[in-house]
Structure formats: C-alpha cells, structure tokens
Number of protein chains: 2
Amino acid sequence: MTDTTASPPAPKAVVLLSGGLDSATVLALARAEGYETFALSFRYGQRHGCELEAAGRVARSLGAARHVIADIDLRVFGGSALTADIAVPKGRTPGAMGEAIPITYVPARNMIFLSFAVAWAEALGSSDVFIGVNALDYSGYPDCRPEFIEAFTRTVALGTKAGVEGTTVLTIHTPLIHLMKAEIIREGTTLGVDYGLTFSCYDPTPEGRPCGECDSCLLRAKGFQEAGLPDPAR
Amino acid sequence: MTDTTASPPAPKAVVLLSGGLDSATVLALARAEGYETFALSFRYGQRHGCELEAAGRVARSLGAARHVIADIDLRVFGGSALTADIAVPKGRTPGAMGEAIPITYVPARNMIFLSFAVAWAEALGSSDVFIGVNALDYSGYPDCRPEFIEAFTRTVALGTKAGVEGTTVLTIHTPLIHLMKAEIIREGTTLGVDYGLTFSCYDPTPEGRPCGECDSCLLRAKGFQEAGLPDPAR
C-alpha cells in the first residue's frame, strides 16, 4: 500500500552562509521556497571568529539540515585586509563604496566559495546553490556582479559531471542581487530572521563587538535606518 | 648609473603541481618560457600522500621559487573514489576511458584548484597560471576540456579585481591540452624532467608503489611505451 498523500522529499540546496545579514536572509528565503538547506561556511583565515559563530547560530535558528565549515587557508596567498595584516578602511561613504575595489577584497574569494558549494551540491545530488551577493548596496567587489555569476554558471555547466551528463542543470540563485539593503532587511524580517544572531563587521573589537566604522558596519546601519527598523544586534 | 644590460625580472607564474608526470612537464615548460615559477599543490583528502611527496621533489628539482601545499578538505563533501571509500576502477582500456566520466572524478576539483591558483596569482601580481590538463590521453574528466578552461578564464576576467581593473589580463596556460601522453613525455625529457621523481597512481600499495592497473598507471605505461622510453619510476 502506498500513501499517495505523502509529499515528495524537499529538494536540496547548498546555501553559502557567512554569518552576516545578507546570507542569513538568503538561508531563510531558500527555506521559504521549500528547500532542505545545507549551509556552507569557510574558515579562510579571517582575523576573527565572530562571523563563524554567528553562522552557526543562524544555521540552527533557520533549521539547516547540515552546517559545514570548510577549512581553506587563504592567508598563504596574502593580498587582502580581511586575511592579512593590512588596516581595514573606516568611515567610507556607502554611496561611494562601489566606485573602487577596496583592500578588503579577497582575491577570487567568491569563485573559491562557489566552487566548493558546487562540489557539495554535486555530491548531494542537488541542483541549487544560493549566494547572498548584492550589486547595489555593496562594497565594490567584482565577484558580486551578475556578469560574474552568469560566467561562473556557464563554467559549472562545462566543467562538472552533472553539467556535462545533463543530469543536473545547476542554478546559482542570487535572490538579493538587485535589492537595496533595506529591502533585504524587510524581506528577512517578514521571514522571521533574527538579525540579532548575525554579525557583519570586518574589524570587531577584541571583545567581539562591531567597530561601527567599516564598510560592512556602515552599510548595515544604513540598511536598518532606511528600513525604519532597529538593529537587534545593537 | 644604471646597468642597462641587466635583464628585467622574470615574470611570475603559478603552476598547479600534482606530482604526476603531466604537471611536472608543465612546470618545466613554464621555466623554459622564462617564468619564475610558484608551484601550488593541494592536500584535498587524497587517500595517500605519495603525490604530494612527489610534488615536493619535482618543485625542488625544477627550481620553483616557492611550493605551497594548500589544505582543502574535500572529504567533507564525499562523492569520489579519490577522496571517499569507493573502489578505484582497474584495468580499463585507455582508448575507452574518455567515453564516460569515471568514479575517480572529484566534483568541481579543477574549478577549485584553478580558483586558488588565481587567488595566488592575483596576490603575487602575476598574470599567468599553468595547468597540465589534457583532452586526448585522459580519463574523461569534464574539467579537462578546452571549453571549460575558456569559460573559466572569462569568469576570472569578470570576477577578479585584476580582471575588472584591466591591470592584469590573466591567462590560463594549458600547454598539454592537445598533446598525446607520449608527446608530453618526449617534451619533458628534452627539458630535463626527471620522471623518476613523479608519481601517477590513484591507488598505490601500502608501501607506496603504483598499482599498475588504475587509469593513471595505464595511461602512464602507454605513454612511455609509445614514446619508446623506459619509465624511470619503475
């Protein structure tokens, strides 16, 4: 006897989760779309562990089926204020951030992160990867732009077994790419994201408090202000 | 007083080095083209360490300026006979290997390796990455094909600071892509590669000797035979 009322298993999705507010919103969106979520974070030589602790809290609170932290030491290559001993810029104007690529840019970071996400998706038999890149209220990183995501998707189709055999046409979902920070926050709030669990600062104090002056802190503050909501992490 | 006879500094190149004969040949080719070479290997959860020991020997013997082994644990994702507890296929016919993608395929491996190489190249200010992929005498991996390399190059141009700012147009060099294994061996022999230092087996004995029956061993044996040369590693 078969129970024909049983629902089919939820499709699986790999969600890149940094611990910041964007990726937390993406995880909530993927869940709201009916995916069983597999959250992926990286210990890539960040100067602090606050982000990864936040990622763990967020994954639990939003019901991820699994949360994997992959160890990849990008410090061996140097070249970024986020992984090397270079000062994080402070007090920049959000409107002007996108005009030049800042020193907090980590060479090829999203390409590396997405490649790992694709590897996991392929091993899971999943055809969906979610990433919280954003091309509007952003810091000027080239690997957050739609052109990059499109080229990457084409590369995946040509370079993976699933893509070549046509068993799985992998989609990179970028639900935030054309949203303002305030819209992201409103969307996540509707979906029940607890932004008090997230962490966005590039250069926190030794006690793990946000600096309030780096690009990431300033964009977050502007977002909550424009959304007309208080930041529960403050 | 300026010494106008001094030669300019050699351009830098990142060379992906597995420890096998293809990548050793590529390292020798990059050096012969005048590059200062930066060799990059990965500890990605291989079932044995023979390859990485070989990579170290090869990097030293061919004068690499640096050799970095990046730790990236692909075992967390599973899905390949090279990283999981799945039997490596034996005794396949080289001519038929390219017809299907084998279980030794590691999901998205070359995409991950190339992303790291690009990150290092960007940090070094280098515009050249070398990889020993080969589309003829190969095992059927989709990420060894020219179409994949072209799409990846386009992704790099769109997703990296160097590509966007136009300061560095990164080239992925694939000097072996259209060569037969025997041609690769003859070329490397001319350039002084000591193939006795290289290691090609997917599934060595506990004593670290090649199995002689996996795709990699069979392709290697066929290559030396067709080149009319003895394999110094035997």
# chains A, B, ... in the order shown; residues from 1 in each chain; ligands from 1

call {"tool": "closest_atom_pairs", "arguments": {"of": "chain B", "to": "chain A", "cutoff": "6 Å", "atoms": "only C-alpha atoms", "output": "tab-separated table"}}
result
residue	atom	partner	partner_atom	distance
B:Ile72	CA	A:Ile72	CA	5.3
B:Phe77	CA	A:Trp120	CA	5.1
B:Gly79	CA	A:Ala123	CA	4.9
B:Pro107	CA	A:Ala119	CA	4.8
B:Ala108	CA	A:Ala119	CA	5.1
B:Ile112	CA	A:Ser115	CA	5.4
B:Ser115	CA	A:Ile112	CA	5.3
B:Ala119	CA	A:Pro107	CA	4.8
B:Trp120	CA	A:Phe77	CA	5.1
B:Ala123	CA	A:Gly79	CA	4.9
B:Pro142	CA	A:Gly159	CA	5.0
B:Asp143	CA	A:Gly159	CA	4.2
B:Phe148	CA	A:Leu158	CA	5.2
B:Ala151	CA	A:Thr155	CA	5.0
B:Phe152	CA	A:Thr155	CA	5.5
B:Thr155	CA	A:Ala151	CA	5.0
B:Leu158	CA	A:Phe148	CA	5.1
B:Gly159	CA	A:Asp143	CA	4.2
B:Thr160	CA	A:Ala108	CA	5.8

call {"tool": "residues_around", "arguments": {"residues": "B:Leu40", "least_positions_apart": "2", "cutoff": "7 Å", "atoms": "only C-alpha atoms", "output": "VMD selection string"}}
result
chain B and resid 14 to 17 38 42 67 to 69

call {"tool": "residues_around", "arguments": {"residues": "stretch 186-196 of chain A", "least_positions_apart": "6", "cutoff": "7 Å", "atoms": "only C-alpha atoms", "output": "list in words"}}
result
Leu21, Thr25, Ala28, Ala227, Pro232 and Ala233 of chain A

call {"tool": "write_last_selection", "arguments": {"atoms": "C-alpha atoms", "output": "PDB file, in the first residue's frame"}}
result
ATOM      1  CA  LEU A  21      22.662  39.608   7.470  1.00  0.00           C
ATOM      2  CA  THR A  25      18.242  36.286   4.677  1.00  0.00           C
ATOM      3  CA  ALA A  28      15.505  31.974   5.138  1.00  0.00           C
ATOM      4  CA  ALA A 227      14.070  50.049   6.636  1.00  0.00           C
ATOM      5  CA  PRO A 232      18.569  43.963  17.220  1.00  0.00           C
ATOM      6  CA  ALA A 233      22.321  43.256  17.334  1.00  0.00           C
TER       7      ALA A 233
END

call {"tool": "residues_around", "arguments": {"residues": "B:Ile172", "least_positions_apart": "2", "cutoff": "8 Å", "atoms": "only C-alpha atoms", "output": "ChimeraX atom specification"}}
result
/B:128-131,149,153,170,174

call {"tool": "write_last_selection", "arguments": {"atoms": "N, CA and C atoms", "output": "PDB file, in the first residue's frame"}}
result
ATOM      1  N   ASP B 128      49.723  34.887 -15.006  1.00  0.00           N
ATOM      2  CA  ASP B 128      49.864  33.606 -15.689  1.00  0.00           C
ATOM      3  C   ASP B 128      49.700  32.416 -14.750  1.00  0.00           C
ATOM      4  N   VAL B 129      48.776  31.542 -15.115  1.00  0.00           N
ATOM      5  CA  VAL B 129      48.548  30.300 -14.375  1.00  0.00           C
ATOM      6  C   VAL B 129      48.718  29.148 -15.355  1.00  0.00           C
ATOM      7  N   PHE B 130      49.448  28.141 -14.955  1.00  0.00           N
ATOM      8  CA  PHE B 130      49.666  26.956 -15.795  1.00  0.00           C
ATOM      9  C   PHE B 130      48.989  25.743 -15.182  1.00  0.00           C
ATOM     10  N   ILE B 131      48.324  24.945 -16.021  1.00  0.00           N
ATOM     11  CA  ILE B 131      47.694  23.705 -15.555  1.00  0.00           C
ATOM     12  C   ILE B 131      47.897  22.620 -16.614  1.00  0.00           C
ATOM     13  N   ILE B 149      38.084  25.447 -19.776  1.00  0.00           N
ATOM     14  CA  ILE B 149      39.152  26.420 -19.495  1.00  0.00           C
ATOM     15  C   ILE B 149      38.762  27.806 -20.028  1.00  0.00           C
ATOM     16  N   THR B 153      38.265  31.147 -17.760  1.00  0.00           N
ATOM     17  CA  THR B 153      39.049  32.365 -17.996  1.00  0.00           C
ATOM     18  C   THR B 153      38.151  33.593 -18.059  1.00  0.00           C
ATOM     19  N   LEU B 170      44.480  37.883 -16.989  1.00  0.00           N
ATOM     20  CA  LEU B 170      45.021  36.595 -16.590  1.00  0.00           C
ATOM     21  C   LEU B 170      44.850  35.548 -17.684  1.00  0.00           C
ATOM     22  N   THR B 174      47.487  26.101 -20.896  1.00  0.00           N
ATOM     23  CA  THR B 174      47.251  24.648 -20.906  1.00  0.00           C
ATOM     24  C   THR B 174      48.112  24.015 -21.991  1.00  0.00           C
TER      25      THR B 174
END

call {"tool": "residues_around", "arguments": {"residues": "stretch 56-63 of chain A", "least_positions_apart": "4", "cutoff": "7 Å", "atoms": "only C-alpha atoms", "output": "ChimeraX atom specification"}}
result
/A:19,24,28,39,52,67,197-198
